[in-house]
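J.: Sharing coords-v8.txt (compact mmCIF, C-alpha atoms and all ligand atoms) below.
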# COMPACT_ATOMS: atom_id res chain seq x y z
CA MET Z 576 -62.22 -9.89 39.75
CA ASP Z 577 -65.88 -9.07 40.29
CA ALA Z 578 -67.75 -12.27 40.83
CA ARG Z 579 -71.06 -11.18 42.21
CA ASN Z 580 -73.16 -11.50 39.08
CA SER Z 581 -76.49 -12.50 40.63
CA LYS Z 582 -78.81 -13.90 38.04
CA PRO Z 583 -82.26 -14.41 39.51
CA ASP Z 584 -84.29 -16.84 37.42
CA SER Z 585 -87.69 -18.47 37.60
CA ILE Z 586 -86.54 -21.45 39.67
CA PRO Z 587 -86.61 -19.73 43.09
CA ALA Z 588 -90.01 -18.25 42.39
CA ARG Z 589 -91.29 -21.73 41.59
CA PHE Z 590 -90.06 -22.94 44.96
CA GLY Z 591 -91.45 -19.98 46.82
CA LEU Z 592 -88.01 -18.55 47.50
CA LYS Z 593 -87.23 -14.90 47.14
CA ALA Z 594 -85.51 -14.34 43.81
CA ASP Z 595 -82.66 -12.45 45.43
CA PHE Z 596 -81.75 -15.52 47.47
CA VAL Z 597 -80.24 -16.99 44.31
CA ILE Z 598 -76.54 -16.22 44.12
CA ASP Z 599 -75.85 -17.74 40.76
CA VAL Z 600 -77.60 -19.98 38.27
CA GLY Z 601 -75.94 -21.09 35.08
CA SER Z 602 -74.89 -24.04 33.00
CA GLY Z 603 -72.14 -25.99 34.68
CA VAL Z 604 -72.60 -24.23 38.00
CA SER Z 605 -74.96 -25.26 40.74
CA SER Z 606 -77.98 -23.21 41.76
CA ILE Z 607 -77.25 -21.74 45.15
CA TYR Z 608 -80.05 -20.75 47.50
CA PHE Z 609 -80.07 -19.06 50.86
CA ALA Z 610 -83.12 -20.38 52.67
CA LYS Z 611 -84.30 -22.47 55.58
CA ALA Z 612 -83.59 -26.17 55.12
CA ASP Z 613 -87.31 -26.99 55.11
CA LYS Z 614 -87.30 -25.64 51.53
CA LEU Z 615 -85.48 -28.85 50.68
CA LEU Z 616 -88.85 -30.50 50.22
CA ALA Z 617 -89.37 -28.49 47.05
CA LEU Z 618 -85.98 -29.44 45.68
CA ALA Z 619 -85.87 -33.16 46.50
CA ASP Z 620 -89.09 -35.17 46.52
CA PRO Z 621 -88.96 -37.46 49.62
CA GLU Z 622 -90.45 -40.36 47.59
CA HIS Z 623 -87.48 -40.34 45.22
CA SER Z 624 -84.61 -39.09 47.34
CA VAL Z 625 -81.90 -40.59 49.49
CA ILE Z 626 -80.31 -38.46 52.20
CA VAL Z 627 -76.64 -38.93 53.09
CA ALA Z 628 -75.65 -37.54 56.50
CA ASP Z 629 -73.35 -38.38 59.41
CA SER Z 630 -74.56 -39.29 62.89
CA LEU Z 631 -74.52 -35.61 63.92
CA THR Z 632 -75.90 -33.97 60.79
CA ARG Z 633 -78.82 -36.43 60.70
CA ALA Z 634 -80.37 -33.99 63.15
CA PHE Z 635 -80.71 -31.47 60.31
CA VAL Z 636 -82.72 -33.79 58.05
CA PRO Z 637 -86.28 -32.47 57.72
CA ALA Z 638 -88.86 -34.79 59.30
CA CYS Z 639 -90.59 -35.51 55.97
CA TYR Z 640 -87.70 -37.77 54.94
CA PRO Z 641 -88.33 -41.23 56.43
CA ASP Z 642 -85.55 -42.79 58.52
CA ASP Z 643 -85.03 -45.63 56.09
CA ARG Z 644 -84.11 -43.13 53.35
CA ILE Z 645 -81.27 -41.68 55.42
CA LEU Z 646 -77.91 -43.35 54.92
CA THR Z 647 -75.49 -42.57 57.75
CA VAL Z 648 -71.79 -42.25 56.93
CA PRO Z 649 -68.80 -41.87 59.29
CA LYS Z 650 -68.09 -38.42 60.72
CA GLY Z 651 -65.25 -36.25 59.43
CA GLU Z 652 -62.52 -37.39 57.07
CA ASP Z 653 -63.38 -41.09 57.70
CA ALA Z 654 -66.39 -40.55 55.41
CA LYS Z 655 -64.02 -40.10 52.47
CA SER Z 656 -62.82 -43.72 52.36
CA PRO Z 657 -63.32 -46.48 49.78
CA GLU Z 658 -65.09 -48.56 52.46
CA ALA Z 659 -67.61 -45.80 53.23
CA LEU Z 660 -68.17 -45.30 49.49
CA ILE Z 661 -68.90 -48.97 48.92
CA ARG Z 662 -71.30 -49.05 51.89
CA LEU Z 663 -73.08 -46.04 50.41
CA TRP Z 664 -73.40 -47.63 46.96
CA GLU Z 665 -74.74 -50.78 48.66
CA GLY Z 666 -77.29 -48.61 50.47
CA PHE Z 667 -78.35 -47.10 47.12
CA GLN Z 668 -78.77 -50.63 45.76
CA GLU Z 669 -80.93 -51.76 48.70
CA LEU Z 670 -83.15 -48.67 48.36
CA GLY Z 671 -83.52 -49.23 44.60
CA LEU Z 672 -82.12 -45.77 43.80
CA GLY Z 673 -83.01 -45.17 40.14
CA ARG Z 674 -81.96 -42.61 37.55
CA ASP Z 675 -84.87 -40.29 38.38
CA TRP Z 676 -83.92 -40.11 42.07
CA THR Z 677 -81.95 -37.42 43.89
CA VAL Z 678 -79.15 -37.90 46.41
CA VAL Z 679 -78.93 -35.15 49.03
CA GLY Z 680 -75.77 -34.72 51.11
CA ILE Z 681 -76.50 -32.98 54.41
CA GLY Z 682 -73.28 -32.25 56.30
CA GLY Z 683 -69.84 -30.77 56.12
CA GLY Z 684 -67.36 -31.07 53.27
CA SER Z 685 -66.58 -34.71 54.04
CA VAL Z 686 -70.22 -35.72 53.62
CA SER Z 687 -70.70 -33.66 50.45
CA ASP Z 688 -67.43 -34.87 48.87
CA LEU Z 689 -68.50 -38.49 49.46
CA ALA Z 690 -72.20 -38.10 48.61
CA GLY Z 691 -71.40 -36.17 45.42
CA PHE Z 692 -68.92 -38.79 44.30
CA ALA Z 693 -71.26 -41.70 45.09
CA ALA Z 694 -74.14 -40.00 43.23
CA SER Z 695 -72.05 -38.92 40.24
CA THR Z 696 -70.85 -42.49 39.69
CA TRP Z 697 -74.09 -44.35 40.54
CA MET Z 698 -75.65 -45.56 37.28
CA ARG Z 699 -73.11 -43.25 35.58
CA GLY Z 700 -74.57 -40.30 37.44
CA VAL Z 701 -77.83 -39.37 39.15
CA ASN Z 702 -79.01 -35.95 40.34
CA PHE Z 703 -77.67 -34.71 43.63
CA GLY Z 704 -77.72 -31.62 45.82
CA PHE Z 705 -76.21 -30.42 49.08
CA VAL Z 706 -77.29 -28.83 52.32
CA PRO Z 707 -73.91 -27.73 53.76
CA THR Z 708 -73.85 -27.63 57.56
CA THR Z 709 -70.35 -26.28 58.28
CA LEU Z 710 -68.99 -22.87 57.37
CA LEU Z 711 -66.25 -24.53 55.35
CA ALA Z 712 -68.81 -26.46 53.30
CA MET Z 713 -70.96 -23.32 52.83
CA VAL Z 714 -68.08 -21.15 51.57
CA ASP Z 715 -66.26 -23.77 49.56
CA ALA Z 716 -66.82 -27.54 49.55
CA SER Z 717 -70.47 -27.54 48.44
CA VAL Z 718 -69.82 -25.28 45.44
CA GLY Z 719 -67.88 -26.09 42.30
CA GLY Z 720 -68.60 -29.75 41.60
CA LYS Z 721 -65.41 -31.41 42.88
CA ASN Z 722 -66.38 -34.67 44.58
CA GLY Z 723 -64.12 -37.42 45.82
CA ILE Z 724 -62.54 -39.65 48.40
CA ASN Z 725 -59.05 -40.24 49.81
CA LEU Z 726 -56.96 -43.31 49.09
CA CYS Z 727 -54.00 -44.72 51.01
CA GLY Z 728 -53.60 -41.50 53.00
CA LYS Z 729 -53.70 -39.29 49.89
CA LYS Z 730 -56.31 -36.56 49.75
CA ASN Z 731 -58.99 -36.60 47.05
CA GLN Z 732 -57.12 -39.23 45.05
CA VAL Z 733 -60.27 -40.58 43.37
CA GLY Z 734 -63.03 -38.23 42.31
CA SER Z 735 -65.28 -36.64 39.74
CA ILE Z 736 -66.24 -33.21 38.53
CA ALA Z 737 -70.02 -33.15 38.49
CA GLN Z 738 -72.23 -30.25 39.54
CA PRO Z 739 -74.88 -30.54 42.26
CA GLY Z 740 -78.34 -29.56 41.05
CA PHE Z 741 -78.72 -27.28 44.07
CA VAL Z 742 -76.91 -26.06 47.17
CA LEU Z 743 -79.22 -24.93 49.95
CA ILE Z 744 -77.41 -22.74 52.48
CA ASP Z 745 -79.17 -22.32 55.82
CA THR Z 746 -76.92 -20.18 58.01
CA SER Z 747 -78.92 -21.03 61.16
CA MET Z 748 -77.12 -24.40 61.06
CA LEU Z 749 -73.88 -22.64 61.98
CA ALA Z 750 -75.16 -22.05 65.52
CA SER Z 751 -74.04 -25.48 66.72
CA LEU Z 752 -70.49 -25.17 65.37
CA GLY Z 753 -67.68 -24.54 67.84
CA PRO Z 754 -65.23 -21.62 67.43
CA GLN Z 755 -62.55 -23.86 65.93
CA GLU Z 756 -64.90 -25.23 63.23
CA LEU Z 757 -66.04 -21.71 62.38
CA ALA Z 758 -62.44 -20.55 62.21
CA SER Z 759 -61.55 -23.49 59.94
CA GLY Z 760 -64.25 -22.39 57.51
CA MET Z 761 -62.86 -18.87 57.62
CA ALA Z 762 -59.51 -20.23 56.36
CA GLU Z 763 -61.13 -21.17 53.02
CA ALA Z 764 -63.04 -17.89 53.01
CA LEU Z 765 -59.72 -16.05 53.51
CA LYS Z 766 -58.36 -17.83 50.43
CA HIS Z 767 -61.26 -16.40 48.41
CA GLY Z 768 -60.68 -12.93 49.89
CA ILE Z 769 -57.00 -12.92 48.86
CA LEU Z 770 -57.96 -14.02 45.34
CA ASP Z 771 -60.78 -11.52 44.96
CA GLY Z 772 -59.11 -8.34 46.23
CA GLU Z 773 -59.33 -5.53 48.71
CA SER Z 774 -63.04 -5.18 49.47
CA HIS Z 775 -63.53 -8.95 49.86
CA LEU Z 776 -60.47 -9.16 52.12
CA CYS Z 777 -61.86 -6.31 54.24
CA ALA Z 778 -65.10 -8.33 54.68
CA ILE Z 779 -62.97 -11.25 55.91
CA GLU Z 780 -61.19 -8.94 58.36
CA ARG Z 781 -64.55 -7.70 59.68
CA ALA Z 782 -65.78 -11.27 60.19
CA ALA Z 783 -62.46 -12.30 61.79
CA ALA Z 784 -62.91 -9.45 64.29
CA SER Z 785 -66.55 -10.29 64.97
CA MET Z 786 -68.11 -13.50 63.72
CA ASP Z 787 -71.69 -12.34 64.03
CA ALA Z 788 -74.45 -13.59 61.73
CA LYS Z 789 -74.36 -10.50 59.50
CA ASN Z 790 -70.60 -10.65 58.90
CA LEU Z 791 -70.69 -14.42 58.33
CA GLU Z 792 -73.51 -14.20 55.81
CA ALA Z 793 -71.62 -11.48 53.93
CA VAL Z 794 -68.55 -13.71 53.78
CA ILE Z 795 -70.57 -16.72 52.56
CA ARG Z 796 -72.24 -14.68 49.80
CA LEU Z 797 -68.88 -13.29 48.64
CA SER Z 798 -67.25 -16.73 48.72
CA VAL Z 799 -69.91 -18.61 46.78
CA GLY Z 800 -70.20 -15.75 44.28
CA LEU Z 801 -66.46 -15.79 43.64
CA LYS Z 802 -66.17 -19.56 43.45
CA ALA Z 803 -69.22 -20.01 41.23
CA SER Z 804 -67.96 -17.41 38.77
CA ILE Z 805 -64.49 -18.99 38.54
CA VAL Z 806 -65.95 -22.47 38.08
CA GLN Z 807 -68.44 -21.27 35.50
CA ASN Z 808 -65.52 -20.09 33.34
CA ASP Z 809 -63.21 -23.04 33.95
CA GLU Z 810 -65.06 -26.06 35.31
CA LYS Z 811 -62.33 -28.60 34.48
CA GLU Z 812 -59.47 -26.56 35.98
CA SER Z 813 -57.48 -25.92 32.83
CA GLY Z 814 -56.71 -22.31 33.77
CA GLN Z 815 -58.26 -19.84 36.20
CA ARG Z 816 -59.74 -22.50 38.50
CA MET Z 817 -56.20 -23.48 39.49
CA LEU Z 818 -56.13 -20.24 41.50
CA LEU Z 819 -58.56 -21.85 43.96
CA ASN Z 820 -55.67 -24.12 44.98
CA LEU Z 821 -54.10 -21.15 46.80
CA GLY Z 822 -52.73 -22.47 50.09
CA HIS Z 823 -53.62 -26.04 49.16
CA THR Z 824 -50.27 -27.36 47.86
CA PHE Z 825 -48.69 -26.92 51.29
CA GLY Z 826 -52.07 -27.30 53.02
CA HIS Z 827 -52.86 -30.76 51.61
CA ALA Z 828 -49.26 -31.93 52.21
CA LEU Z 829 -49.51 -30.82 55.85
CA GLU Z 830 -52.95 -32.41 56.19
CA SER Z 831 -51.63 -35.77 54.91
CA ALA Z 832 -48.61 -35.46 57.21
CA SER Z 833 -50.47 -34.40 60.37
CA SER Z 834 -54.02 -35.79 59.99
CA LEU Z 835 -55.20 -32.49 61.49
CA GLY Z 836 -58.40 -30.84 60.19
CA HIS Z 837 -58.54 -29.46 56.65
CA GLY Z 838 -59.18 -25.84 57.64
CA LEU Z 839 -56.30 -25.78 60.15
CA CYS Z 840 -53.87 -27.09 57.53
CA ILE Z 841 -55.15 -24.70 54.85
CA ALA Z 842 -54.56 -21.85 57.30
CA VAL Z 843 -50.88 -22.82 57.60
CA GLY Z 844 -50.76 -23.51 53.84
CA LEU Z 845 -51.89 -19.95 53.15
CA ALA Z 846 -49.35 -18.48 55.56
CA CYS Z 847 -46.57 -20.60 53.99
CA ALA Z 848 -47.61 -19.61 50.44
CA ALA Z 849 -47.52 -15.93 51.40
CA ARG Z 850 -44.08 -16.32 52.99
CA LEU Z 851 -42.74 -18.17 49.94
CA ALA Z 852 -44.17 -15.43 47.72
CA LEU Z 853 -41.84 -12.96 49.46
CA ASP Z 854 -38.91 -14.76 47.77
CA TYR Z 855 -40.62 -14.03 44.43
CA GLY Z 856 -40.98 -10.31 45.11
CA ALA Z 857 -44.47 -10.25 46.67
CA ASP Z 858 -45.75 -7.32 48.68
CA GLY Z 859 -44.92 -8.07 52.35
CA MET Z 860 -48.27 -6.61 53.38
CA VAL Z 861 -50.22 -9.63 52.13
CA SER Z 862 -48.16 -12.00 54.25
CA GLN Z 863 -48.59 -9.78 57.33
CA ARG Z 864 -52.33 -9.45 56.76
CA ILE Z 865 -52.83 -13.19 56.30
CA CYS Z 866 -50.92 -13.94 59.51
CA SER Z 867 -52.79 -11.32 61.48
CA ILE Z 868 -56.22 -12.53 60.22
CA LEU Z 869 -55.27 -16.13 61.11
CA THR Z 870 -54.16 -14.99 64.56
CA SER Z 871 -57.41 -13.14 65.24
CA LEU Z 872 -59.29 -16.27 64.17
CA GLY Z 873 -57.24 -18.36 66.61
CA LEU Z 874 -55.84 -20.39 63.70
CA PRO Z 875 -52.24 -21.58 63.38
CA ASN Z 876 -50.08 -19.50 61.01
CA SER Z 877 -46.81 -21.43 61.06
CA ILE Z 878 -45.53 -24.98 60.84
CA ASP Z 879 -44.33 -24.72 64.43
CA SER Z 880 -47.85 -23.92 65.64
CA LEU Z 881 -49.21 -26.88 63.64
CA VAL Z 882 -46.58 -29.17 65.20
CA ALA Z 883 -47.67 -27.94 68.65
CA LEU Z 884 -51.32 -28.73 67.85
CA ARG Z 885 -50.44 -32.16 66.50
CA ALA Z 886 -48.26 -32.91 69.53
CA LYS Z 887 -51.38 -32.59 71.73
CA GLN Z 888 -52.70 -35.75 70.02
CA GLY Z 889 -49.50 -37.79 70.47
CA THR Z 890 -45.81 -37.64 69.74
CA CYS Z 891 -44.95 -35.44 66.79
CA THR Z 892 -41.68 -33.78 65.97
CA ARG Z 893 -41.17 -31.00 63.48
CA ALA Z 894 -38.65 -33.15 61.57
CA THR Z 895 -41.13 -36.02 61.12
CA LEU Z 896 -43.94 -33.71 60.05
CA ILE Z 897 -41.72 -31.93 57.50
CA GLN Z 898 -40.45 -35.23 56.13
CA LYS Z 899 -43.99 -36.58 55.67
CA ALA Z 900 -45.20 -33.31 54.15
CA ALA Z 901 -42.28 -33.30 51.69
CA SER Z 902 -43.16 -36.87 50.60
CA ALA Z 903 -46.76 -35.74 50.11
CA LEU Z 904 -45.53 -32.84 47.92
CA TYR Z 905 -43.67 -35.31 45.67
CA ALA Z 906 -46.88 -37.38 45.42
CA ASP Z 907 -49.10 -34.36 44.62
CA LYS Z 908 -51.52 -35.24 41.83
CA LYS Z 909 -51.02 -31.80 40.29
CA ARG Z 910 -47.31 -32.53 39.83
CA ASN Z 911 -45.94 -31.95 36.33
CA ALA Z 912 -42.58 -33.76 36.06
CA ASP Z 913 -40.40 -32.12 38.75
CA ASN Z 914 -42.57 -29.04 39.13
CA ILE Z 915 -45.95 -27.99 40.53
CA ASN Z 916 -48.14 -25.13 39.39
CA PHE Z 917 -47.94 -23.21 42.64
CA ILE Z 918 -50.43 -20.45 43.42
CA MET Z 919 -48.44 -17.43 44.52
CA PRO Z 920 -50.15 -14.54 46.37
CA TYR Z 921 -48.37 -11.31 45.38
CA ALA Z 922 -50.99 -8.94 46.82
CA ALA Z 923 -54.74 -8.89 47.54
CA GLY Z 924 -56.32 -9.51 44.13
CA ASP Z 925 -52.94 -10.30 42.50
CA VAL Z 926 -52.46 -14.05 42.70
CA ARG Z 927 -50.49 -15.87 39.98
CA ILE Z 928 -49.78 -19.40 38.82
CA GLU Z 929 -46.01 -20.12 38.94
CA SER Z 930 -44.29 -23.35 38.01
CA VAL Z 931 -42.05 -24.14 41.00
CA ALA Z 932 -39.67 -27.07 41.48
CA ILE Z 933 -40.98 -29.48 44.13
CA SER Z 934 -37.47 -29.61 45.63
CA ARG Z 935 -37.68 -25.84 46.21
CA LEU Z 936 -41.04 -26.24 48.01
CA ALA Z 937 -39.61 -29.04 50.16
CA GLN Z 938 -36.57 -26.89 51.02
CA PHE Z 939 -38.86 -24.01 51.91
CA LEU Z 940 -40.72 -26.24 54.40
CA GLU Z 941 -37.40 -26.99 56.13
CA ARG Z 942 -36.75 -23.31 56.83
CA ALA Z 943 -40.31 -22.02 57.24
CA PRO Z 944 -41.14 -20.87 60.79
N1 LIG Z 1001 -65.06 -30.37 47.17
C1 LIG Z 1001 -64.46 -29.24 47.44
O1 LIG Z 1001 -64.38 -28.34 46.60
C2 LIG Z 1001 -63.86 -29.03 48.80
C3 LIG Z 1001 -63.40 -27.74 49.17
C4 LIG Z 1001 -62.92 -27.56 50.46
C5 LIG Z 1001 -62.85 -28.64 51.35
N2 LIG Z 1001 -63.28 -29.87 50.94
C6 LIG Z 1001 -63.23 -31.02 51.86
O2 LIG Z 1001 -64.07 -30.78 52.98
C7 LIG Z 1001 -63.63 -31.63 54.05
C8 LIG Z 1001 -63.72 -30.87 55.37
O3 LIG Z 1001 -65.05 -30.50 55.56
P1 LIG Z 1001 -65.58 -29.74 56.90
O4 LIG Z 1001 -64.53 -28.86 57.41
O5 LIG Z 1001 -66.89 -29.19 56.52
O6 LIG Z 1001 -65.67 -30.87 57.99
P2 LIG Z 1001 -66.34 -32.31 58.06
O7 LIG Z 1001 -67.36 -32.53 57.01
O8 LIG Z 1001 -65.19 -33.26 58.08
O9 LIG Z 1001 -67.09 -32.25 59.46
C9 LIG Z 1001 -66.34 -32.06 60.65
C10 LIG Z 1001 -67.22 -32.35 61.86
O10 LIG Z 1001 -68.22 -31.32 62.01
C11 LIG Z 1001 -69.47 -31.91 62.32
N3 LIG Z 1001 -70.53 -31.00 61.91
C12 LIG Z 1001 -71.02 -30.80 60.68
N4 LIG Z 1001 -71.95 -29.82 60.70
C13 LIG Z 1001 -72.06 -29.41 61.99
C14 LIG Z 1001 -72.86 -28.42 62.64
N5 LIG Z 1001 -73.69 -27.62 61.99
N6 LIG Z 1001 -72.73 -28.29 63.98
C15 LIG Z 1001 -71.83 -29.05 64.69
N7 LIG Z 1001 -71.04 -29.98 64.10
C16 LIG Z 1001 -71.15 -30.16 62.77
C17 LIG Z 1001 -69.43 -33.23 61.58
O11 LIG Z 1001 -70.35 -34.15 62.14
C18 LIG Z 1001 -67.98 -33.65 61.77
O12 LIG Z 1001 -67.83 -34.33 62.98
C19 LIG Z 1001 -62.22 -32.08 53.70
O13 LIG Z 1001 -62.23 -33.44 53.37
C20 LIG Z 1001 -61.87 -31.26 52.48
O14 LIG Z 1001 -60.98 -31.94 51.61
C21 LIG Z 1001 -63.80 -30.07 49.70
Take the structure in the file and give it back as structure tokens.
Ligand SMILES: NC(=O)c1ccc[n+]([C@@H]2O[C@H](COP(=O)([O-])OP(=O)(O)OC[C@H]3O[C@@H](n4cnc5c(N)ncnc54)[C@H](O)[C@@H]3O)[C@@H](O)[C@H]2O)c1
T.:
Amino acid sequence: MDARNSKPDSIPARFGLKADFVIDVGSGVSSIYFAKADKLLALADPEHSVIVADSLTRAFVPACYPDDRILTVPKGEDAKSPEALIRLWEGFQELGLGRDWTVVGIGGGSVSDLAGFAASTWMRGVNFGFVPTTLLAMVDASVGGKNGINLCGKKNQVGSIAQPGFVLIDTSMLASLGPQELASGMAEALKHGILDGESHLCAIERAAASMDAKNLEAVIRLSVGLKASIVQNDEKESGQRMLLNLGHTFGHALESASSLGHGLCIAVGLACAARLALDYGADGMVSQRICSILTSLGLPNSIDSLVALRAKQGTCTRATLIQKAASALYADKKRNADNINFIMPYAAGDVRIESVAISRLAQFLERAP
């Protein structure tokens, strides 16, 4: 799958950006720019924009946006709650946000998921754009148009598919992220590498060995290129886009069960998917490579390692975690009767959609390391 079809257009020139900073521009897919965040001024007029940020990412808001136009939402997963959504809509109301305004989400995936959902439902949809500030949001969450919140402990239960007008990626923002946050972002980037094939996976291995600016930027460009091209062909997830759920069936179940960070759970979800794929005749190399990349990133690659991480935050036994994760599998919104379309990694660049009984997935969790 070759996704890197850069299509420079006149938009970046108009904003004074170099044309080759545009990764992809097309109907149904956001315009993605690599530039310094001060370019935001050209994309979102401060007079008619509302900024959504958390208490930490407020620091990234350019000074030309007045304080009273910045709506602060809770940090992390707490942003993706019905209460935070209602407070945001109320903020829009107080500011008189009209149809010709733009909502800009500046933050990680939690901020962009919430801001995109609030904007895409406000007055049946106003323009919005993102300035992703975490690696995970740069490689994945800010691209593709899935917006949403959690409900009653279930991930992304309420949401919309609506494309941001722009995604402005400023890699200098990564400097303040700790090693664990960077590694979490690499888990989603690894998913893209497995989907895309050998050369992309090699770029992930290089970045896992040395997360310097050059390797990280290469990974971000490959990730957004791949994701944008998949979404452009299948925005509503009726076919190929399902592949982007690689690692997420187990990953989301483990996230609901453990309340640990998204990237950590996706890491274990990828390792579990690769181990399950062995039962279906997959090449053992892919499973070994995934586990070794996760290890060099300092990420967990087994349920046992996730249980150990969770236990640091309070009592957690493997049995309880597995039981909660199995319940989450049965409640998966992608469930089709007793089965789930599971994304099975056979080899780098050979990933297939298989209908698997949920009971088989739950049994696998019982025996997985
Ligand atoms: N919509 C999608 O397609 C999609 C794809 C992948 C993940 N997601 C969602 O993304 C969410 C996870 O997002 P995330 O991992 O970006 O974390 P996050 O948004 O939950 O942020 C985690 C923490 O990092 C802090 N932070 C943000 N930027 C920082 C920076 N530059 N320096 C230091 N700290 C910073 C935040 O303040 C927060 O405390 C999950 O809810 C997941 O479901 C969505």
J.: With all atoms listed in the file as the counted atoms, please give the residues lying no more than 6 Å from range 862-874 of chain Z, apart from itself and same-chain residues fewer than 2 positions off, as a JSON list (two decimals) with C-alpha atoms, in the coordinates of the input.
T.:
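And here's out.json as it stands now:
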[["chain", "number", "residue", "atom", "x", "y", "z"],
["Z", 758, "ALA", "CA", -62.44, -20.55, 62.21],
["Z", 783, "ALA", "CA", -62.46, -12.30, 61.79],
["Z", 849, "ALA", "CA", -47.52, -15.93, 51.40],
["Z", 859, "GLY", "CA", -44.92, -8.07, 52.35],
["Z", 860, "MET", "CA", -48.27, -6.61, 53.38],
["Z", 876, "ASN", "CA", -50.08, -19.50, 61.01]]
J.: Name each residue within 8 Å of ligand LIG 1001 (chain Z), counting only C-alpha atoms and all ligand atoms, as a VMD selection string.
T.: chain Z and resid 629 to 632 650 to 652 654 to 655 682 to 688 707 to 712 715 to 724 730 to 731 748 to 753 756 759 to 760 763 836 to 838
J.: Store the residues picked out above in a file with C-alpha atoms, as a CSV table (one decimal), keeping the file's coordinate frame.
T.:
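Output below, filename out_29.csv:
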chain,number,residue,atom,x,y,z
Z,629,ASP,CA,-73.4,-38.4,59.4
Z,630,SER,CA,-74.6,-39.3,62.9
Z,631,LEU,CA,-74.5,-35.6,63.9
Z,632,THR,CA,-75.9,-34.0,60.8
Z,650,LYS,CA,-68.1,-38.4,60.7
Z,651,GLY,CA,-65.2,-36.2,59.4
Z,652,GLU,CA,-62.5,-37.4,57.1
Z,654,ALA,CA,-66.4,-40.6,55.4
Z,655,LYS,CA,-64.0,-40.1,52.5
Z,682,GLY,CA,-73.3,-32.2,56.3
Z,683,GLY,CA,-69.8,-30.8,56.1
Z,684,GLY,CA,-67.4,-31.1,53.3
Z,685,SER,CA,-66.6,-34.7,54.0
Z,686,VAL,CA,-70.2,-35.7,53.6
Z,687,SER,CA,-70.7,-33.7,50.4
Z,688,ASP,CA,-67.4,-34.9,48.9
Z,707,PRO,CA,-73.9,-27.7,53.8
Z,708,THR,CA,-73.8,-27.6,57.6
Z,709,THR,CA,-70.4,-26.3,58.3
Z,710,LEU,CA,-69.0,-22.9,57.4
Z,711,LEU,CA,-66.2,-24.5,55.4
Z,712,ALA,CA,-68.8,-26.5,53.3
Z,715,ASP,CA,-66.3,-23.8,49.6
Z,716,ALA,CA,-66.8,-27.5,49.6
Z,717,SER,CA,-70.5,-27.5,48.4
Z,718,VAL,CA,-69.8,-25.3,45.4
Z,719,GLY,CA,-67.9,-26.1,42.3
Z,720,GLY,CA,-68.6,-29.8,41.6
Z,721,LYS,CA,-65.4,-31.4,42.9
Z,722,ASN,CA,-66.4,-34.7,44.6
Z,723,GLY,CA,-64.1,-37.4,45.8
Z,724,ILE,CA,-62.5,-39.6,48.4
Z,730,LYS,CA,-56.3,-36.6,49.8
Z,731,ASN,CA,-59.0,-36.6,47.0
Z,748,MET,CA,-77.1,-24.4,61.1
Z,749,LEU,CA,-73.9,-22.6,62.0
Z,750,ALA,CA,-75.2,-22.0,65.5
Z,751,SER,CA,-74.0,-25.5,66.7
Z,752,LEU,CA,-70.5,-25.2,65.4
Z,753,GLY,CA,-67.7,-24.5,67.8
Z,756,GLU,CA,-64.9,-25.2,63.2
Z,759,SER,CA,-61.6,-23.5,59.9
Z,760,GLY,CA,-64.2,-22.4,57.5
Z,763,GLU,CA,-61.1,-21.2,53.0
Z,836,GLY,CA,-58.4,-30.8,60.2
Z,837,HIS,CA,-58.5,-29.5,56.6
Z,838,GLY,CA,-59.2,-25.8,57.6
J.: Which residues come within 7 Å of Val794 in chain Z, counting all atoms listed in the file, excluding same-chain residues fewer than 5 positions away, as an MDAnalysis selection string?
T.: chainID Z and resid 764 778:779
J.: Using all atoms listed in the file, which residues sit within 9 Å of range 884-893 of chain Z once same-chain residues fewer than 4 positions away are excluded, as a PDB file with C-alpha atoms, keeping the file's coordinate frame?
T.:
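Generated file (selection07.pdb):
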ATOM      1  CA  SER Z 833     -50.470 -34.400  60.370  1.00  0.00           C
ATOM      2  CA  SER Z 834     -54.020 -35.790  59.990  1.00  0.00           C
ATOM      3  CA  LEU Z 835     -55.200 -32.490  61.490  1.00  0.00           C
ATOM      4  CA  PRO Z 875     -52.240 -21.580  63.380  1.00  0.00           C
ATOM      5  CA  ILE Z 878     -45.530 -24.980  60.840  1.00  0.00           C
ATOM      6  CA  ASP Z 879     -44.330 -24.720  64.430  1.00  0.00           C
ATOM      7  CA  SER Z 880     -47.850 -23.920  65.640  1.00  0.00           C
ATOM      8  CA  ILE Z 897     -41.720 -31.930  57.500  1.00  0.00           C
ATOM      9  CA  GLN Z 898     -40.450 -35.230  56.130  1.00  0.00           C
TER      10      GLN Z 898
END
J.: Return the single residue from Z:Pro920, Z:Gly814, Z:Pro657, Z:Pro649 that is closest to Leu726 in chain Z, with distances computed using only C-alpha atoms.
T.: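 Result for the nearest residue to Leu726 in chain Z: Z:Pro657.
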